[in-house]
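Text of the file final22.pdb, holding PDB, C-alpha atoms, pLDDT in the B column:
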```
ATOM      1  CA  MET A   1     -37.883   8.519   1.196  1.00 39.00           C
ATOM      2  CA  LYS A   2     -35.464   8.610   4.075  1.00 41.00           C
ATOM      3  CA  GLY A   3     -32.350   6.477   3.593  1.00 42.00           C
ATOM      4  CA  ASP A   4     -32.979   6.048  -0.145  1.00 39.00           C
ATOM      5  CA  PRO A   5     -29.673   6.579  -2.026  1.00 38.00           C
ATOM      6  CA  PHE A   6     -31.623   7.770  -5.087  1.00 37.00           C
ATOM      7  CA  GLY A   7     -33.320  10.632  -3.251  1.00 41.00           C
ATOM      8  CA  SER A   8     -36.750   9.255  -4.160  1.00 42.00           C
ATOM      9  CA  LYS A   9     -38.216   5.870  -4.823  1.00 43.00           C
ATOM     10  CA  PRO A  10     -37.459   5.086  -8.480  1.00 39.00           C
ATOM     11  CA  GLU A  11     -40.415   3.890 -10.503  1.00 39.00           C
ATOM     12  CA  LEU A  12     -40.412   1.758 -13.616  1.00 37.00           C
ATOM     13  CA  GLY A  13     -39.122   3.805 -16.542  1.00 37.00           C
ATOM     14  CA  GLN A  14     -37.835   6.604 -14.307  1.00 37.00           C
ATOM     15  CA  ARG A  15     -34.172   7.501 -14.581  1.00 38.00           C
ATOM     16  CA  SER A  16     -32.232   7.220 -11.396  1.00 38.00           C
ATOM     17  CA  LYS A  17     -30.538  10.292  -9.963  1.00 38.00           C
ATOM     18  CA  TYR A  18     -27.677   8.032  -9.008  1.00 36.00           C
ATOM     19  CA  GLN A  19     -24.730   8.408 -11.372  1.00 37.00           C
ATOM     20  CA  GLN A  20     -22.349   5.480 -11.510  1.00 38.00           C
ATOM     21  CA  GLU A  21     -18.730   6.342 -12.186  1.00 39.00           C
ATOM     22  CA  LYS A  22     -16.685   4.006 -14.335  1.00 39.00           C
ATOM     23  CA  GLN A  23     -13.161   3.335 -13.216  1.00 43.00           C
ATOM     24  CA  VAL A  24     -10.506   2.326 -15.691  1.00 44.00           C
ATOM     25  CA  ILE A  25      -8.130  -0.304 -14.385  1.00 52.00           C
ATOM     26  CA  HIS A  26      -4.632   0.112 -15.734  1.00 58.00           C
ATOM     27  CA  SER A  27      -2.712  -3.111 -16.132  1.00 62.00           C
ATOM     28  CA  ARG A  28       0.244  -4.703 -17.904  1.00 73.00           C
ATOM     29  CA  LEU A  29      -0.266  -7.795 -20.014  1.00 81.00           C
ATOM     30  CA  TRP A  30       2.309 -10.266 -21.304  1.00 80.00           C
ATOM     31  CA  SER A  31       2.545 -13.851 -22.501  1.00 89.00           C
ATOM     32  CA  LEU A  32       4.595 -16.461 -20.667  1.00 91.00           C
ATOM     33  CA  SER A  33       5.698 -19.903 -21.809  1.00 94.00           C
ATOM     34  CA  ILE A  34       6.343 -22.401 -18.997  1.00 96.00           C
ATOM     35  CA  THR A  35       8.373 -25.519 -19.765  1.00 97.00           C
ATOM     36  CA  PRO A  36       7.381 -28.862 -18.236  1.00 98.00           C
ATOM     37  CA  GLY A  37       8.587 -29.220 -14.654  1.00 97.00           C
ATOM     38  CA  SER A  38       9.180 -25.477 -14.182  1.00 97.00           C
ATOM     39  CA  ILE A  39       7.896 -23.516 -11.185  1.00 97.00           C
ATOM     40  CA  VAL A  40       7.859 -19.775 -10.539  1.00 95.00           C
ATOM     41  CA  VAL A  41       9.515 -18.809  -7.243  1.00 95.00           C
ATOM     42  CA  PRO A  42       6.628 -18.321  -4.778  1.00 98.00           C
ATOM     43  CA  ASP A  43       6.051 -14.693  -3.858  1.00 97.00           C
ATOM     44  CA  THR A  44       3.664 -12.139  -2.404  1.00 98.00           C
ATOM     45  CA  HIS A  45       2.933  -8.783  -4.012  1.00 97.00           C
ATOM     46  CA  SER A  46       1.908  -6.057  -1.593  1.00 97.00           C
ATOM     47  CA  ARG A  47       0.680  -3.582  -4.234  1.00 95.00           C
ATOM     48  CA  GLU A  48      -0.595  -5.566  -7.197  1.00 94.00           C
ATOM     49  CA  ASP A  49      -3.207  -8.133  -8.109  1.00 95.00           C
ATOM     50  CA  GLU A  50      -2.437 -10.706 -10.799  1.00 94.00           C
ATOM     51  CA  VAL A  51      -4.553 -12.750 -13.157  1.00 95.00           C
ATOM     52  CA  THR A  52      -3.225 -15.719 -15.118  1.00 96.00           C
ATOM     53  CA  TYR A  53      -5.190 -16.936 -18.145  1.00 95.00           C
ATOM     54  CA  VAL A  54      -4.129 -20.370 -19.398  1.00 97.00           C
ATOM     55  CA  ILE A  55      -3.916 -20.272 -23.195  1.00 96.00           C
ATOM     56  CA  GLU A  56      -2.461 -23.735 -23.745  1.00 97.00           C
ATOM     57  CA  GLY A  57      -1.614 -26.736 -21.567  1.00 97.00           C
ATOM     58  CA  GLU A  58      -2.333 -26.651 -17.859  1.00 97.00           C
ATOM     59  CA  ILE A  59      -0.713 -25.191 -14.783  1.00 98.00           C
ATOM     60  CA  GLY A  60      -0.693 -26.046 -11.112  1.00 98.00           C
ATOM     61  CA  VAL A  61      -1.297 -23.082  -8.832  1.00 98.00           C
ATOM     62  CA  LYS A  62      -0.914 -22.518  -5.107  1.00 98.00           C
ATOM     63  CA  ILE A  63      -2.545 -19.406  -3.651  1.00 98.00           C
ATOM     64  CA  GLY A  64      -2.258 -19.223   0.108  1.00 97.00           C
ATOM     65  CA  ASP A  65      -3.154 -22.750   1.259  1.00 96.00           C
ATOM     66  CA  GLN A  66      -5.247 -23.598  -1.811  1.00 97.00           C
ATOM     67  CA  VAL A  67      -3.810 -25.737  -4.631  1.00 97.00           C
ATOM     68  CA  VAL A  68      -5.652 -26.070  -7.950  1.00 96.00           C
ATOM     69  CA  THR A  69      -5.022 -27.272 -11.478  1.00 96.00           C
ATOM     70  CA  ALA A  70      -5.936 -24.727 -14.143  1.00 97.00           C
ATOM     71  CA  PRO A  71      -6.489 -26.238 -17.613  1.00 97.00           C
ATOM     72  CA  SER A  72      -6.412 -24.275 -20.850  1.00 97.00           C
ATOM     73  CA  GLY A  73      -9.254 -21.769 -21.068  1.00 97.00           C
ATOM     74  CA  SER A  74      -9.296 -21.066 -17.334  1.00 97.00           C
ATOM     75  CA  TYR A  75      -8.031 -18.131 -15.351  1.00 94.00           C
ATOM     76  CA  VAL A  76      -6.671 -17.751 -11.848  1.00 96.00           C
ATOM     77  CA  PHE A  77      -6.854 -14.617  -9.686  1.00 97.00           C
ATOM     78  CA  LYS A  78      -3.865 -14.024  -7.399  1.00 97.00           C
ATOM     79  CA  PRO A  79      -4.735 -11.183  -5.010  1.00 97.00           C
ATOM     80  CA  ARG A  80      -2.189  -8.881  -3.443  1.00 97.00           C
ATOM     81  CA  ASN A  81      -0.910  -9.802   0.012  1.00 98.00           C
ATOM     82  CA  VAL A  82      -1.522 -13.530  -0.590  1.00 98.00           C
ATOM     83  CA  PRO A  83       1.495 -15.785  -1.314  1.00 98.00           C
ATOM     84  CA  HIS A  84       1.252 -17.633  -4.613  1.00 98.00           C
ATOM     85  CA  THR A  85       3.131 -19.615  -7.238  1.00 98.00           C
ATOM     86  CA  PHE A  86       2.402 -21.658 -10.351  1.00 97.00           C
ATOM     87  CA  TRP A  87       4.103 -24.453 -12.271  1.00 98.00           C
ATOM     88  CA  ASN A  88       3.796 -26.701 -15.285  1.00 98.00           C
ATOM     89  CA  PRO A  89       2.980 -30.276 -14.212  1.00 96.00           C
ATOM     90  CA  GLY A  90       2.510 -31.447 -17.815  1.00 94.00           C
ATOM     91  CA  THR A  91       4.739 -32.922 -20.493  1.00 95.00           C
ATOM     92  CA  ARG A  92       4.457 -30.039 -22.945  1.00 96.00           C
ATOM     93  CA  ASP A  93       4.879 -26.290 -22.686  1.00 97.00           C
ATOM     94  CA  ALA A  94       2.059 -24.335 -21.074  1.00 97.00           C
ATOM     95  CA  ARG A  95       1.316 -20.831 -22.340  1.00 96.00           C
ATOM     96  CA  THR A  96      -0.303 -18.184 -20.189  1.00 96.00           C
ATOM     97  CA  LEU A  97      -1.356 -14.604 -20.470  1.00 93.00           C
ATOM     98  CA  GLU A  98      -0.335 -12.682 -17.360  1.00 92.00           C
ATOM     99  CA  MET A  99      -2.032  -9.483 -16.240  1.00 92.00           C
ATOM    100  CA  ILE A 100      -0.803  -7.394 -13.337  1.00 90.00           C
ATOM    101  CA  ALA A 101      -2.563  -4.314 -12.030  1.00 89.00           C
ATOM    102  CA  PRO A 102      -1.541  -1.638 -11.462  1.00 87.00           C
ATOM    103  CA  PRO A 103       1.167  -1.926 -14.138  1.00 82.00           C
ATOM    104  CA  ASP A 104       4.040  -0.309 -12.186  1.00 83.00           C
ATOM    105  CA  PHE A 105       5.458  -3.733 -11.306  1.00 84.00           C
ATOM    106  CA  ALA A 106       6.361  -4.444 -14.955  1.00 78.00           C
ATOM    107  CA  SER A 107       9.539  -2.369 -14.552  1.00 85.00           C
ATOM    108  CA  TYR A 108      10.650  -4.873 -11.910  1.00 88.00           C
ATOM    109  CA  PHE A 109      11.503  -7.447 -14.580  1.00 83.00           C
ATOM    110  CA  GLU A 110      13.610  -4.981 -16.559  1.00 86.00           C
ATOM    111  CA  GLU A 111      15.544  -3.978 -13.455  1.00 91.00           C
ATOM    112  CA  LEU A 112      15.926  -7.591 -12.332  1.00 88.00           C
ATOM    113  CA  SER A 113      17.374  -8.716 -15.678  1.00 87.00           C
ATOM    114  CA  LYS A 114      20.061  -6.012 -15.379  1.00 90.00           C
ATOM    115  CA  ILE A 115      20.940  -7.160 -11.855  1.00 90.00           C
ATOM    116  CA  LEU A 116      21.087 -10.828 -12.840  1.00 85.00           C
ATOM    117  CA  SER A 117      23.462 -10.037 -15.700  1.00 87.00           C
ATOM    118  CA  GLU A 118      25.965  -8.447 -13.280  1.00 82.00           C
ATOM    119  CA  PRO A 119      28.797 -10.659 -12.045  1.00 76.00           C
ATOM    120  CA  GLY A 120      29.682 -10.801  -8.365  1.00 74.00           C
ATOM    121  CA  SER A 121      28.077 -11.265  -5.001  1.00 71.00           C
ATOM    122  CA  SER A 122      26.427  -7.829  -4.919  1.00 82.00           C
ATOM    123  CA  ALA A 123      23.662  -9.132  -7.229  1.00 82.00           C
ATOM    124  CA  LYS A 124      21.868 -10.901  -4.332  1.00 84.00           C
ATOM    125  CA  ARG A 125      21.903  -7.728  -2.221  1.00 88.00           C
ATOM    126  CA  LYS A 126      20.652  -5.659  -5.176  1.00 92.00           C
ATOM    127  CA  GLU A 127      17.924  -8.204  -5.855  1.00 90.00           C
ATOM    128  CA  SER A 128      16.762  -7.936  -2.222  1.00 92.00           C
ATOM    129  CA  GLU A 129      16.747  -4.141  -2.474  1.00 95.00           C
ATOM    130  CA  LEU A 130      14.727  -4.381  -5.681  1.00 95.00           C
ATOM    131  CA  ASP A 131      12.198  -6.705  -4.033  1.00 96.00           C
ATOM    132  CA  GLU A 132      11.825  -4.216  -1.189  1.00 96.00           C
ATOM    133  CA  LYS A 133      11.415  -1.310  -3.632  1.00 96.00           C
ATOM    134  CA  TYR A 134       8.535  -3.118  -5.350  1.00 95.00           C
ATOM    135  CA  GLY A 135       6.923  -4.555  -2.207  1.00 96.00           C
ATOM    136  CA  LEU A 136       7.693  -8.141  -3.182  1.00 96.00           C
ATOM    137  CA  THR A 137       8.389 -10.946  -0.707  1.00 97.00           C
ATOM    138  CA  ASN A 138       9.721 -14.288  -1.939  1.00 96.00           C
ATOM    139  CA  HIS A 139       8.818 -17.590  -0.266  1.00 97.00           C
ATOM    140  CA  PRO A 140      11.586 -20.070  -1.154  1.00 96.00           C
ATOM    141  CA  GLU A 141      10.497 -22.188   1.823  1.00 97.00           C
ATOM    142  CA  TRP A 142       7.542 -23.391  -0.299  1.00 97.00           C
ATOM    143  CA  LEU A 143       9.816 -24.865  -2.968  1.00 97.00           C
ATOM    144  CA  PRO A 144      11.092 -28.127  -1.398  1.00 97.00           C
ATOM    145  CA  GLU A 145       7.605 -29.531  -0.797  1.00 97.00           C
ATOM    146  CA  LEU A 146       6.190 -28.413  -4.169  1.00 98.00           C
ATOM    147  CA  VAL A 147       9.265 -29.587  -6.078  1.00 98.00           C
ATOM    148  CA  ARG A 148       9.081 -33.001  -4.403  1.00 97.00           C
ATOM    149  CA  GLU A 149       5.298 -33.432  -4.637  1.00 97.00           C
ATOM    150  CA  TYR A 150       4.939 -32.354  -8.293  1.00 96.00           C
ATOM    151  CA  LYS A 151       8.371 -33.544  -9.524  1.00 96.00           C
ATOM    152  CA  LEU A 152       9.513 -30.061 -10.528  1.00 98.00           C
ATOM    153  CA  LYS A 153      12.919 -28.448 -11.083  1.00 97.00           C
ATOM    154  CA  ASN A 154      13.922 -26.131  -8.250  1.00 96.00           C
ATOM    155  CA  PRO A 155      14.629 -22.715  -9.846  1.00 93.00           C
ATOM    156  CA  LEU A 156      16.999 -21.821  -6.993  1.00 91.00           C
ATOM    157  CA  SER A 157      19.256 -24.879  -7.397  1.00 88.00           C
TER     158      SER A 157
END
```
I need this file expressed as structure tokens, please.
Amino acid sequence: MKGDPFGSKPELGQRSKYQQEKQVIHSRLWSLSITPGSIVVPDTHSREDEVTYVIEGEIGVKIGDQVVTAPSGSYVFKPRNVPHTFWNPGTRDARTLEMIAPPDFASYFEELSKILSEPGSSAKRKESELDEKYGLTNHPEWLPELVREYKLKNPLS
């Protein structure tokens, strides 16, 4: 049959000639505890997708122009190239399970902690270089409105 991806019309009980390949997605997984009133600096990843699973408590999330509340037991997909952030609007700690794929970005946090432990003004420049290396863009301009609206602590103050 012309245009049939199987090469012939499959009948009931007939095995398809089409072989589906399975792709393994490599990712990095870690747990994160978010104190009440805390917000993650808004950012955009150019190479990775992220998924947040809420283990305990609830989180507020902004992805692009969409704002949602994610209670425990829910998950949120944060696609690459879309600005996003999340925060704890509650009165008790929220716990999440964070997955990022591909996992290469996980080294970012190790490198960032070294930079932040260095004294001096070169840390800001090094942090910007690190962001560029990992294809990360921060959006601090989102913070004033979110901090005010949800009564959060500004992480950059």
Legend entry - Residue neighbourhood A:Leu143, 10 Å, all atoms listed in the file, exclusion window fewer than 2 positions, as a list of chain:residue names: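 What passes the distance filter is A:Ile39, A:Val40, A:Val41, A:Pro42, A:Thr85, A:His139, A:Pro140, A:Glu141, A:Glu145, A:Leu146, A:Val147, A:Arg148, A:Glu149, A:Leu152, A:Lys153, A:Asn154, A:Pro155, A:Leu156.
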Evaluated on this file, the PyMOL selection byres ((chain A and resi 26-37) around 6) picks out some residues - which ones are they, written as an mmCIF file with C-alpha atoms, in the coordinates of the input?
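Wrote it out as result18.cif, contents follow:
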```cif
data_model
loop_
_atom_site.group_PDB
_atom_site.id
_atom_site.type_symbol
_atom_site.label_atom_id
_atom_site.label_comp_id
_atom_site.auth_asym_id
_atom_site.auth_seq_id
_atom_site.Cartn_x
_atom_site.Cartn_y
_atom_site.Cartn_z
ATOM 1 C CA ILE A 25 -8.130 -0.304 -14.385
ATOM 2 C CA SER A 38 9.180 -25.477 -14.182
ATOM 3 C CA ASN A 88 3.796 -26.701 -15.285
ATOM 4 C CA PRO A 89 2.980 -30.276 -14.212
ATOM 5 C CA GLY A 90 2.510 -31.447 -17.815
ATOM 6 C CA THR A 91 4.739 -32.922 -20.493
ATOM 7 C CA ARG A 92 4.457 -30.039 -22.945
ATOM 8 C CA ASP A 93 4.879 -26.290 -22.686
ATOM 9 C CA ALA A 94 2.059 -24.335 -21.074
ATOM 10 C CA ARG A 95 1.316 -20.831 -22.340
ATOM 11 C CA THR A 96 -0.303 -18.184 -20.189
ATOM 12 C CA LEU A 97 -1.356 -14.604 -20.470
ATOM 13 C CA GLU A 98 -0.335 -12.682 -17.360
ATOM 14 C CA MET A 99 -2.032 -9.483 -16.240
ATOM 15 C CA ILE A 100 -0.803 -7.394 -13.337
ATOM 16 C CA ALA A 101 -2.563 -4.314 -12.030
ATOM 17 C CA PRO A 102 -1.541 -1.638 -11.462
ATOM 18 C CA PRO A 103 1.167 -1.926 -14.138
ATOM 19 C CA LEU A 152 9.513 -30.061 -10.528
ATOM 20 C CA LYS A 153 12.919 -28.448 -11.083
#
```
Inset, instruction - In Å, rounded to a single decimal, give me how far atom CA of A:Phe86 is from atom CA of A:Val68. - result: 9.5 Å
Inset, instruction - List every protein, DNA or RNA residue that has at least one atom no more than 12 Å from (-3.7, -20.9, -3.2) in the file's coordinates, counting all atoms listed in the file, and write the result as a list of chain:residue names. - result: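 Nearby residues: A:Pro42, A:Asp43, A:Thr44, A:Gly60, A:Val61, A:Lys62, A:Ile63, A:Gly64, A:Asp65, A:Gln66, A:Val67, A:Val68, A:Thr69, A:Ala70, A:Val76, A:Phe77, A:Lys78, A:Pro79, A:Asn81, A:Val82, A:Pro83, A:His84, A:Thr85, A:Phe86, A:Trp142.
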Next, dump the selected residues to file, keeping only C-alpha atoms, as a PDB file, keeping the file's coordinate frame.
```
ATOM      1  CA  PRO A  42       6.628 -18.321  -4.778  1.00 98.00           C
ATOM      2  CA  ASP A  43       6.051 -14.693  -3.858  1.00 97.00           C
ATOM      3  CA  THR A  44       3.664 -12.139  -2.404  1.00 98.00           C
ATOM      4  CA  GLY A  60      -0.693 -26.046 -11.112  1.00 98.00           C
ATOM      5  CA  VAL A  61      -1.297 -23.082  -8.832  1.00 98.00           C
ATOM      6  CA  LYS A  62      -0.914 -22.518  -5.107  1.00 98.00           C
ATOM      7  CA  ILE A  63      -2.545 -19.406  -3.651  1.00 98.00           C
ATOM      8  CA  GLY A  64      -2.258 -19.223   0.108  1.00 97.00           C
ATOM      9  CA  ASP A  65      -3.154 -22.750   1.259  1.00 96.00           C
ATOM     10  CA  GLN A  66      -5.247 -23.598  -1.811  1.00 97.00           C
ATOM     11  CA  VAL A  67      -3.810 -25.737  -4.631  1.00 97.00           C
ATOM     12  CA  VAL A  68      -5.652 -26.070  -7.950  1.00 96.00           C
ATOM     13  CA  THR A  69      -5.022 -27.272 -11.478  1.00 96.00           C
ATOM     14  CA  ALA A  70      -5.936 -24.727 -14.143  1.00 97.00           C
ATOM     15  CA  VAL A  76      -6.671 -17.751 -11.848  1.00 96.00           C
ATOM     16  CA  PHE A  77      -6.854 -14.617  -9.686  1.00 97.00           C
ATOM     17  CA  LYS A  78      -3.865 -14.024  -7.399  1.00 97.00           C
ATOM     18  CA  PRO A  79      -4.735 -11.183  -5.010  1.00 97.00           C
ATOM     19  CA  ASN A  81      -0.910  -9.802   0.012  1.00 98.00           C
ATOM     20  CA  VAL A  82      -1.522 -13.530  -0.590  1.00 98.00           C
ATOM     21  CA  PRO A  83       1.495 -15.785  -1.314  1.00 98.00           C
ATOM     22  CA  HIS A  84       1.252 -17.633  -4.613  1.00 98.00           C
ATOM     23  CA  THR A  85       3.131 -19.615  -7.238  1.00 98.00           C
ATOM     24  CA  PHE A  86       2.402 -21.658 -10.351  1.00 97.00           C
ATOM     25  CA  TRP A 142       7.542 -23.391  -0.299  1.00 97.00           C
TER      26      TRP A 142
END
```
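The list of residues with at least one atom within 9 Å of A:Ser46, based on only C-alpha atoms and without residues fewer than 5 positions apart in the same chain, reads A:Arg80, A:Asn81, A:Val82, A:Tyr134, A:Gly135, A:Leu136, A:Thr137.
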Inset, instruction - State, in Å with one decimal place, the distance from atom CA of A:Gly120 to atom CA of A:Asn138. - result: 21.3 Å
Legend entry - Polymer residues at most 9 Å from stretch 107-117 of chain A, all atoms listed in the file, same-chain spacing of 5 or more positions, as a PyMOL selection string: chain A and resi 122-124+126-127+130-131+134
Give the padded box for stretch 69-86 of chain A as JSON: axis-aligned, covering all atoms listed in the file, 4 Å on each side, centre and edge lengths in Å to one decimal.
```
{"center_x": -3.1, "center_y": -18.1, "center_z": -10.5, "size_x": 20.4, "size_y": 26.4, "size_z": 29.1}
```
Inset, instruction - Name the residues that the PyMOL selection byres ((chain A and resi 75) around 7) pulls out of this structure, and write them as number ranges by chain. - result: A: 51-54, 73-74, 76-77
Inset, instruction - Tell me, in Å to one decimal, how far atom CA of A:Phe105 is from atom CA of A:Glu48. - result: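 Computing the Euclidean distance for atom CA of A:Phe105 and atom CA of A:Glu48 yields 7.5 Å.
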Fill-in result for stretch 126-147 of chain A, N, CA, C and O atoms as an mmCIF file, in the frame of the given file:
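Wrote rebuild.cif, looks like this:
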```cif
data_model
loop_
_atom_site.group_PDB
_atom_site.id
_atom_site.type_symbol
_atom_site.label_atom_id
_atom_site.label_comp_id
_atom_site.auth_asym_id
_atom_site.auth_seq_id
_atom_site.Cartn_x
_atom_site.Cartn_y
_atom_site.Cartn_z
ATOM 1 N N LYS A 126 21.420 -6.547 -4.296
ATOM 2 C CA LYS A 126 20.652 -5.659 -5.176
ATOM 3 C C LYS A 126 19.269 -6.240 -5.478
ATOM 4 O O LYS A 126 18.288 -5.509 -5.556
ATOM 5 N N GLU A 127 19.215 -7.561 -5.613
ATOM 6 C CA GLU A 127 17.924 -8.204 -5.855
ATOM 7 C C GLU A 127 17.005 -8.027 -4.647
ATOM 8 O O GLU A 127 15.817 -7.749 -4.787
ATOM 9 N N SER A 128 17.547 -8.156 -3.447
ATOM 10 C CA SER A 128 16.762 -7.936 -2.222
ATOM 11 C C SER A 128 16.275 -6.502 -2.126
ATOM 12 O O SER A 128 15.131 -6.251 -1.738
ATOM 13 N N GLU A 129 17.134 -5.562 -2.476
ATOM 14 C CA GLU A 129 16.747 -4.141 -2.474
ATOM 15 C C GLU A 129 15.644 -3.884 -3.498
ATOM 16 O O GLU A 129 14.720 -3.112 -3.242
ATOM 17 N N LEU A 130 15.742 -4.532 -4.644
ATOM 18 C CA LEU A 130 14.727 -4.381 -5.681
ATOM 19 C C LEU A 130 13.388 -4.945 -5.208
ATOM 20 O O LEU A 130 12.335 -4.302 -5.391
ATOM 21 N N ASP A 131 13.420 -6.115 -4.582
ATOM 22 C CA ASP A 131 12.198 -6.705 -4.033
ATOM 23 C C ASP A 131 11.542 -5.753 -3.044
ATOM 24 O O ASP A 131 10.322 -5.547 -3.069
ATOM 25 N N GLU A 132 12.350 -5.162 -2.175
ATOM 26 C CA GLU A 132 11.825 -4.216 -1.189
ATOM 27 C C GLU A 132 11.222 -2.990 -1.873
ATOM 28 O O GLU A 132 10.143 -2.529 -1.503
ATOM 29 N N LYS A 133 11.901 -2.480 -2.880
ATOM 30 C CA LYS A 133 11.415 -1.310 -3.632
ATOM 31 C C LYS A 133 10.026 -1.564 -4.218
ATOM 32 O O LYS A 133 9.176 -0.678 -4.234
ATOM 33 N N TYR A 134 9.803 -2.788 -4.705
ATOM 34 C CA TYR A 134 8.535 -3.118 -5.350
ATOM 35 C C TYR A 134 7.539 -3.817 -4.429
ATOM 36 O O TYR A 134 6.479 -4.258 -4.877
ATOM 37 N N GLY A 135 7.856 -3.942 -3.155
ATOM 38 C CA GLY A 135 6.923 -4.555 -2.207
ATOM 39 C C GLY A 135 6.709 -6.034 -2.453
ATOM 40 O O GLY A 135 5.616 -6.553 -2.250
ATOM 41 N N LEU A 136 7.763 -6.720 -2.862
ATOM 42 C CA LEU A 136 7.693 -8.141 -3.182
ATOM 43 C C LEU A 136 8.412 -8.953 -2.106
ATOM 44 O O LEU A 136 9.509 -8.609 -1.688
ATOM 45 N N THR A 137 7.778 -10.033 -1.661
ATOM 46 C CA THR A 137 8.389 -10.946 -0.707
ATOM 47 C C THR A 137 8.422 -12.332 -1.341
ATOM 48 O O THR A 137 7.379 -12.822 -1.799
ATOM 49 N N ASN A 138 9.589 -12.934 -1.397
ATOM 50 C CA ASN A 138 9.721 -14.288 -1.939
ATOM 51 C C ASN A 138 9.517 -15.310 -0.833
ATOM 52 O O ASN A 138 9.789 -15.037 0.340
ATOM 53 N N HIS A 139 9.072 -16.508 -1.223
ATOM 54 C CA HIS A 139 8.818 -17.590 -0.266
ATOM 55 C C HIS A 139 9.525 -18.867 -0.730
ATOM 56 O O HIS A 139 8.873 -19.858 -1.080
ATOM 57 N N PRO A 140 10.852 -18.876 -0.713
ATOM 58 C CA PRO A 140 11.586 -20.070 -1.154
ATOM 59 C C PRO A 140 11.302 -21.292 -0.278
ATOM 60 O O PRO A 140 11.507 -22.424 -0.709
ATOM 61 N N GLU A 141 10.799 -21.070 0.926
ATOM 62 C CA GLU A 141 10.497 -22.188 1.823
ATOM 63 C C GLU A 141 9.378 -23.083 1.272
ATOM 64 O O GLU A 141 9.225 -24.222 1.683
ATOM 65 N N TRP A 142 8.590 -22.580 0.339
ATOM 66 C CA TRP A 142 7.542 -23.391 -0.299
ATOM 67 C C TRP A 142 8.119 -24.392 -1.293
ATOM 68 O O TRP A 142 7.505 -25.409 -1.596
ATOM 69 N N LEU A 143 9.289 -24.087 -1.848
ATOM 70 C CA LEU A 143 9.816 -24.865 -2.968
ATOM 71 C C LEU A 143 10.083 -26.343 -2.680
ATOM 72 O O LEU A 143 9.673 -27.196 -3.476
ATOM 73 N N PRO A 144 10.766 -26.700 -1.584
ATOM 74 C CA PRO A 144 11.092 -28.127 -1.398
ATOM 75 C C PRO A 144 9.872 -29.050 -1.470
ATOM 76 O O PRO A 144 9.896 -30.059 -2.166
ATOM 77 N N GLU A 145 8.804 -28.688 -0.799
ATOM 78 C CA GLU A 145 7.605 -29.531 -0.797
ATOM 79 C C GLU A 145 6.957 -29.589 -2.182
ATOM 80 O O GLU A 145 6.601 -30.672 -2.671
ATOM 81 N N LEU A 146 6.810 -28.444 -2.844
ATOM 82 C CA LEU A 146 6.190 -28.413 -4.169
ATOM 83 C C LEU A 146 7.041 -29.143 -5.207
ATOM 84 O O LEU A 146 6.517 -29.885 -6.046
ATOM 85 N N VAL A 147 8.347 -28.924 -5.142
ATOM 86 C CA VAL A 147 9.265 -29.587 -6.078
ATOM 87 C C VAL A 147 9.164 -31.105 -5.911
ATOM 88 O O VAL A 147 9.075 -31.852 -6.899
#
```
